[in-house]
file upload.tsv (TSV, C-alpha atoms)
chain	number	residue	atom	x	y	z
A	1	MET	CA	26.57	-89.11	-13.86
A	2	ALA	CA	26.17	-88.06	-10.20
A	3	ALA	CA	22.76	-88.35	-8.57
A	4	ARG	CA	20.79	-85.18	-7.71
A	5	TYR	CA	21.16	-84.08	-4.11
A	6	VAL	CA	18.08	-84.52	-1.95
A	7	SER	CA	17.96	-83.23	1.61
A	8	LYS	CA	17.35	-85.75	4.36
A	9	PHE	CA	14.83	-83.34	5.97
A	10	ARG	CA	12.59	-83.29	2.92
A	11	PRO	CA	10.07	-85.93	4.17
A	12	ASP	CA	9.70	-84.15	7.51
A	13	ILE	CA	9.01	-80.80	5.82
A	14	ILE	CA	6.39	-82.37	3.53
A	15	ARG	CA	4.68	-84.01	6.46
A	16	GLU	CA	4.57	-80.80	8.56
A	17	ASN	CA	3.23	-78.77	5.67
A	18	LYS	CA	0.50	-81.30	5.04
A	19	GLN	CA	-0.53	-81.32	8.67
A	20	ARG	CA	-0.74	-77.51	8.73
A	21	LYS	CA	-2.94	-77.48	5.60
A	22	ASP	CA	-5.23	-80.18	6.93
A	23	VAL	CA	-5.90	-78.18	10.09
A	24	MET	CA	-6.86	-74.99	8.16
A	25	ARG	CA	-9.07	-76.65	5.55
A	26	THR	CA	-12.30	-75.49	7.17
A	27	MET	CA	-13.36	-71.76	7.47
A	28	GLY	CA	-11.03	-70.62	10.22
A	29	PRO	CA	-9.18	-72.78	12.68
A	30	ALA	CA	-10.99	-76.06	13.46
A	31	LYS	CA	-10.84	-75.63	17.27
A	32	VAL	CA	-12.23	-72.03	17.31
A	33	GLU	CA	-15.84	-71.77	18.45
A	34	PRO	CA	-18.01	-69.80	16.00
A	35	PRO	CA	-19.51	-66.55	17.37
A	36	SER	CA	-23.02	-66.60	18.76
A	37	PRO	CA	-25.81	-64.85	16.79
A	38	ASP	CA	-26.78	-62.94	19.91
A	39	LYS	CA	-23.35	-61.31	20.19
A	40	TYR	CA	-23.54	-59.21	16.99
A	41	LEU	CA	-21.64	-55.92	16.57
A	42	LYS	CA	-23.60	-53.10	18.15
A	43	LYS	CA	-23.48	-49.38	17.52
A	44	HIS	CA	-20.75	-47.44	19.42
A	45	SER	CA	-19.55	-50.72	20.91
A	46	LYS	CA	-15.92	-50.14	19.84
A	47	GLU	CA	-15.69	-46.52	20.93
A	48	PRO	CA	-13.44	-45.82	23.94
A	49	GLN	CA	-15.40	-45.50	27.18
A	50	LEU	CA	-14.47	-42.79	29.66
A	51	PRO	CA	-14.13	-43.80	33.27
A	52	GLU	CA	-16.90	-42.85	35.59
A	53	LYS	CA	-16.45	-39.63	37.51
A	54	THR	CA	-15.67	-39.91	41.14
A	55	GLN	CA	-16.15	-37.27	43.84
A	56	CYS	CA	-12.53	-36.14	43.63
A	57	LEU	CA	-12.72	-35.59	39.88
A	58	LYS	CA	-15.96	-33.61	40.26
A	59	ASP	CA	-14.40	-31.28	42.87
A	60	ALA	CA	-11.31	-30.71	40.72
A	61	SER	CA	-13.40	-29.80	37.65
A	62	LEU	CA	-15.50	-27.32	39.63
A	63	THR	CA	-12.39	-25.60	41.03
A	64	HIS	CA	-10.84	-25.35	37.55
A	65	SER	CA	-14.00	-23.86	36.04
A	66	HIS	CA	-14.23	-21.24	38.81
A	67	THR	CA	-10.66	-20.06	38.22
A	68	LEU	CA	-11.20	-19.61	34.47
A	69	ARG	CA	-14.56	-17.86	34.70
A	70	LYS	CA	-14.63	-14.35	33.22
A	71	PRO	CA	-15.73	-11.36	35.28
A	72	LEU	CA	-19.35	-10.31	35.10
A	73	VAL	CA	-20.51	-7.57	32.77
A	74	PRO	CA	-20.90	-4.27	34.71
A	75	LEU	CA	-24.42	-3.05	35.27
A	76	LYS	CA	-25.74	0.12	33.71
A	77	THR	CA	-26.09	1.65	37.14
A	78	ASP	CA	-22.39	1.18	37.97
A	79	ILE	CA	-20.24	4.33	37.96
A	80	PRO	CA	-17.00	3.92	35.93
A	81	PRO	CA	-13.70	4.80	37.65
A	82	MET	CA	-12.72	8.44	37.13
A	83	GLY	CA	-9.55	10.47	37.65
A	84	ILE	CA	-7.04	7.73	36.85
A	85	HIS	CA	-3.75	9.20	35.58
A	86	THR	CA	-0.74	7.51	34.01
A	87	LYS	CA	2.92	8.51	33.74
A	88	ARG	CA	3.27	7.08	30.24
A	89	ASP	CA	4.41	9.59	27.57
A	90	PHE	CA	2.41	8.72	24.47
A	91	THR	CA	4.46	11.12	22.28
A	92	LYS	CA	7.71	9.29	22.97
A	93	THR	CA	5.99	5.96	22.66
A	94	THR	CA	4.69	6.90	19.20
A	95	VAL	CA	8.14	8.06	18.08
A	96	ALA	CA	9.82	4.97	19.46
A	97	MET	CA	7.50	2.66	17.55
A	98	PRO	CA	9.26	0.79	14.75
A	99	MET	CA	8.65	2.44	11.38
A	100	LYS	CA	7.63	0.54	8.29
A	101	PRO	CA	10.70	-0.16	6.11
A	102	LYS	CA	10.89	1.79	2.88
A	103	PRO	CA	10.72	-0.25	-0.35
A	104	ILE	CA	14.08	-0.95	-1.95
A	105	THR	CA	15.25	-2.41	-5.25
A	106	VAL	CA	18.25	-4.54	-6.18
A	107	ASP	CA	19.94	-3.35	-9.38
A	108	THR	CA	22.97	-5.66	-9.61
A	109	ARG	CA	23.52	-9.36	-9.34
A	110	ASN	CA	25.88	-8.74	-6.41
A	111	GLY	CA	22.98	-7.50	-4.29
A	112	HIS	CA	23.47	-3.72	-4.42
A	113	LYS	CA	20.38	-2.07	-2.94
A	114	GLN	CA	18.93	1.41	-3.18
A	115	LEU	CA	15.66	3.08	-2.36
A	116	LEU	CA	12.93	2.44	-4.88
A	117	GLU	CA	11.87	6.08	-4.77
A	118	ASN	CA	15.30	7.31	-5.97
A	119	SER	CA	15.96	4.48	-8.43
A	120	GLY	CA	14.07	6.02	-11.36
A	121	LEU	CA	11.61	3.14	-11.54
A	122	VAL	CA	8.81	5.15	-9.92
A	123	PRO	CA	7.07	7.59	-12.34
A	124	LYS	CA	7.51	10.84	-10.39
A	125	PHE	CA	6.98	13.29	-13.27
A	126	ILE	CA	5.58	16.02	-11.03
A	127	MET	CA	8.89	16.36	-9.19
A	128	LYS	CA	10.89	17.10	-12.35
A	129	LYS	CA	12.34	20.60	-12.72
A	130	ASP	CA	11.02	21.05	-16.25
A	131	TYR	CA	7.58	19.55	-15.52
A	132	GLY	CA	4.86	21.38	-17.47
A	133	LYS	CA	7.35	23.21	-19.73
A	134	VAL	CA	7.78	22.83	-23.47
A	135	PRO	CA	10.81	20.62	-24.28
A	136	VAL	CA	13.84	22.26	-25.87
A	137	TYR	CA	13.69	20.15	-29.03
A	138	LEU	CA	10.09	21.25	-29.66
A	139	GLN	CA	11.09	24.89	-29.25
A	140	GLN	CA	13.93	24.43	-31.77
A	141	ARG	CA	11.60	22.69	-34.22
A	142	THR	CA	9.05	25.50	-33.92
A	143	GLU	CA	11.73	28.14	-34.53
A	144	GLU	CA	12.98	26.26	-37.60
A	145	ALA	CA	9.44	26.04	-38.97
A	146	HIS	CA	8.91	29.80	-38.46
A	147	ARG	CA	12.25	30.57	-40.09
A	148	ALA	CA	11.45	28.39	-43.11
A	149	GLN	CA	8.02	30.03	-43.44
A	150	GLU	CA	9.59	33.51	-43.34
A	151	GLU	CA	12.15	32.56	-46.01
A	152	TYR	CA	9.38	31.20	-48.22
A	153	ASN	CA	7.32	34.36	-47.75
A	154	ASN	CA	10.34	36.57	-48.62
A	155	MET	CA	11.05	34.51	-51.72
A	156	MET	CA	7.44	34.75	-52.89
A	157	LYS	CA	7.46	38.49	-52.22
A	158	GLN	CA	10.62	38.96	-54.30
A	159	GLN	CA	9.12	36.94	-57.14
A	160	ARG	CA	5.97	39.08	-57.11
A	161	GLU	CA	8.09	42.24	-57.20
A	162	GLN	CA	10.15	40.97	-60.14
A	163	GLY	CA	7.05	40.37	-62.22
A	164	PRO	CA	5.64	37.30	-63.97
A	165	LEU	CA	7.78	34.21	-64.42
A	166	LYS	CA	9.18	33.05	-67.71
A	167	HIS	CA	8.60	29.53	-68.99
A	168	LEU	CA	11.71	27.74	-70.26
A	169	THR	CA	11.37	25.94	-73.55
A	170	GLU	CA	12.65	22.43	-74.07
A	171	GLU	CA	15.71	23.68	-75.98
A	172	GLU	CA	16.61	26.14	-73.23
A	173	ARG	CA	16.18	23.46	-70.56
A	174	GLU	CA	18.42	21.04	-72.46
A	175	ALA	CA	21.05	23.76	-72.95
A	176	ILE	CA	21.10	24.64	-69.25
A	177	LEU	CA	21.23	20.95	-68.31
A	178	LYS	CA	24.14	20.40	-70.68
A	179	GLY	CA	26.03	23.35	-69.22
A	180	LEU	CA	25.48	22.07	-65.66
A	181	LYS	CA	26.83	18.64	-66.60
A	182	GLU	CA	29.93	20.17	-68.26
A	183	LYS	CA	30.57	22.25	-65.18
A	184	TRP	CA	30.22	19.15	-62.99
A	185	ASN	CA	32.68	17.23	-65.19
A	186	GLU	CA	35.17	20.07	-64.86
A	187	LEU	CA	34.89	20.10	-61.07
A	188	ASN	CA	35.08	16.33	-60.97
A	189	TYR	CA	38.30	16.41	-62.97
A	190	GLN	CA	39.77	18.86	-60.47
A	191	TYR	CA	38.59	16.71	-57.59
A	192	GLN	CA	40.18	13.60	-59.07
A	193	SER	CA	43.44	15.51	-59.57
A	194	LEU	CA	43.80	16.25	-55.86
A	195	SER	CA	46.60	14.57	-53.94
A	196	LEU	CA	45.76	11.53	-51.91
A	197	VAL	CA	47.21	13.05	-48.74
A	198	THR	CA	45.48	16.21	-47.49
A	199	ASP	CA	47.96	17.19	-44.83
A	200	THR	CA	47.55	20.96	-44.99
A	201	ILE	CA	44.69	23.28	-44.18
A	202	SER	CA	44.56	24.74	-47.70
A	203	LYS	CA	44.23	21.27	-49.27
A	204	LYS	CA	41.39	20.38	-46.93
A	205	ALA	CA	39.58	23.68	-47.61
A	206	HIS	CA	39.97	23.28	-51.41
A	207	LYS	CA	38.63	19.74	-51.24
A	208	GLU	CA	35.61	20.84	-49.19
A	209	ARG	CA	34.82	23.68	-51.66
A	210	LEU	CA	34.90	21.25	-54.58
A	211	GLU	CA	32.64	18.78	-52.76
A	212	LYS	CA	30.06	21.49	-51.92
A	213	ALA	CA	30.06	22.83	-55.51
A	214	MET	CA	29.65	19.32	-56.95
A	215	LYS	CA	26.81	18.58	-54.53
A	216	ARG	CA	25.01	21.80	-55.53
A	217	LEU	CA	25.40	20.99	-59.21
A	218	GLU	CA	24.10	17.45	-58.65
A	219	ASP	CA	20.96	18.85	-57.00
A	220	ASP	CA	20.39	21.28	-59.88
A	221	ILE	CA	20.92	18.56	-62.48
A	222	GLY	CA	18.43	16.32	-60.66
A	223	THR	CA	15.86	19.14	-60.60
A	224	PHE	CA	16.20	19.85	-64.34
A	225	GLU	CA	16.07	16.17	-65.26
A	226	LYS	CA	13.04	15.47	-63.08
A	227	SER	CA	10.98	18.58	-63.97
A	228	LYS	CA	9.94	19.06	-67.58
A	229	THR	CA	8.18	22.37	-66.92
A	230	ILE	CA	10.39	25.07	-65.37
A	231	TYR	CA	9.68	28.75	-64.68
A	232	ILE	CA	12.36	31.40	-64.01
A	233	PRO	CA	11.95	35.08	-63.10
A	234	ASN	CA	12.32	37.65	-65.90

call {"tool": "encode", "arguments": {"input": "upload.tsv", "output": "structure tokens"}}
result
Amino acid sequence: MAARYVSKFRPDIIRENKQRKDVMRTMGPAKVEPPSPDKYLKKHSKEPQLPEKTQCLKDASLTHSHTLRKPLVPLKTDIPPMGIHTKRDFTKTTVAMPMKPKPITVDTRNGHKQLLENSGLVPKFIMKKDYGKVPVYLQQRTEEAHRAQEEYNNMMKQQREQGPLKHLTEEEREAILKGLKEKWNELNYQYQSLSLVTDTISKKAHKERLEKAMKRLEDDIGTFEKSKTIYIPN
């Protein structure tokens, strides 16, 4: 087994390290003289001291202060200058002044810009052509309501002219309901017998007539089945 390698400089390094530690064993280096109690740290002792002013520096400071001194305030007895005219055209100067940019908006991801005022994002209802007018859909709804009211009034007037209403008995109601269902079955049979291809105008018209008649009968059947008490004019 080979012996462990040991450097030949090892003893010298140990000796130098020991000497260095022995010197620094006391508080601070051994050869440094401790500070005197009379030389303690005084206030503002470490602040930088400005050099003393000489005659040249004093003259330069006075000259500099005289050049930067502001003019004196005029006395109340002084007469202001009058009759001074200028050739400057204030109208053109006002027009030539840069105007404040108008606000814009970007409406696409590619950076397309347009004025914010014309983009539709600003609520300018007063500038609309139909501002303050009744919308068209409200006018149509009002006309439909008036028309329905007139039809109802005419129907009630006709019923009053025809006299009192007659009450249908249960047998009569069942008989009418049975007849409506038979009629619907007949129309349904005709509807089912139609050809699958409606390629002519007459076929389409016949199909539409059957659908309307069946829909009317379905409404009547629903009314008779839902209402147990029914009145008809005499």

call {"tool": "atom_distance", "arguments": {"input": "upload.tsv", "atom1": "atom CA of A:Tyr231", "atom2": "atom CA of A:His167"}}
result
4.5 Å

call {"tool": "closest_atom_pairs", "arguments": {"input": "upload.tsv", "of": "stretch 91-176 of chain A", "to": "stretch 209-224 of chain A", "cutoff": "12 Å", "atoms": "only C-alpha atoms", "output": "tab-separated table"}}
result
residue	atom	partner	partner_atom	distance
A:Leu168	CA	A:Phe224	CA	10.8
A:Glu170	CA	A:Phe224	CA	10.7
A:Glu172	CA	A:Phe224	CA	10.9
A:Arg173	CA	A:Phe224	CA	7.2
A:Glu174	CA	A:Phe224	CA	8.5
A:Ala175	CA	A:Phe224	CA	10.6
A:Ile176	CA	A:Phe224	CA	8.4

call {"tool": "atom_distance", "arguments": {"input": "upload.tsv", "atom1": "atom CA of A:Gln139", "atom2": "atom CA of A:Phe125"}}
result
20.2 Å

call {"tool": "residues_around", "arguments": {"input": "upload.tsv", "residues": "A:Pro101", "least_positions_apart": "2", "cutoff": "12 Å", "atoms": "only C-alpha atoms", "output": "PyMOL selection string"}}
result
chain A and resi 98-99+103-104+115-116

call {"tool": "write_last_selection", "arguments": {"input": "upload.tsv", "atoms": "C-alpha atoms", "output": "PDB file, in the frame of the given file"}}
result
ATOM      1  CA  PRO A  98       9.260   0.790  14.750  1.00  0.00           C
ATOM      2  CA  MET A  99       8.650   2.440  11.380  1.00  0.00           C
ATOM      3  CA  PRO A 103      10.720  -0.250  -0.350  1.00  0.00           C
ATOM      4  CA  ILE A 104      14.080  -0.950  -1.950  1.00  0.00           C
ATOM      5  CA  LEU A 115      15.660   3.080  -2.360  1.00  0.00           C
ATOM      6  CA  LEU A 116      12.930   2.440  -4.880  1.00  0.00           C
TER       7      LEU A 116
END

call {"tool": "atom_distance", "arguments": {"input": "upload.tsv", "atom1": "atom CA of A:Glu208", "atom2": "atom CA of A:Leu196"}}
result
14.0 Å

call {"tool": "residues_around", "arguments": {"input": "upload.tsv", "residues": "stretch 150-161 of chain A", "least_positions_apart": "4", "cutoff": "12 Å", "atoms": "only C-alpha atoms", "output": "ChimeraX atom specification"}}
result
/A:143-146,165-166,231-234
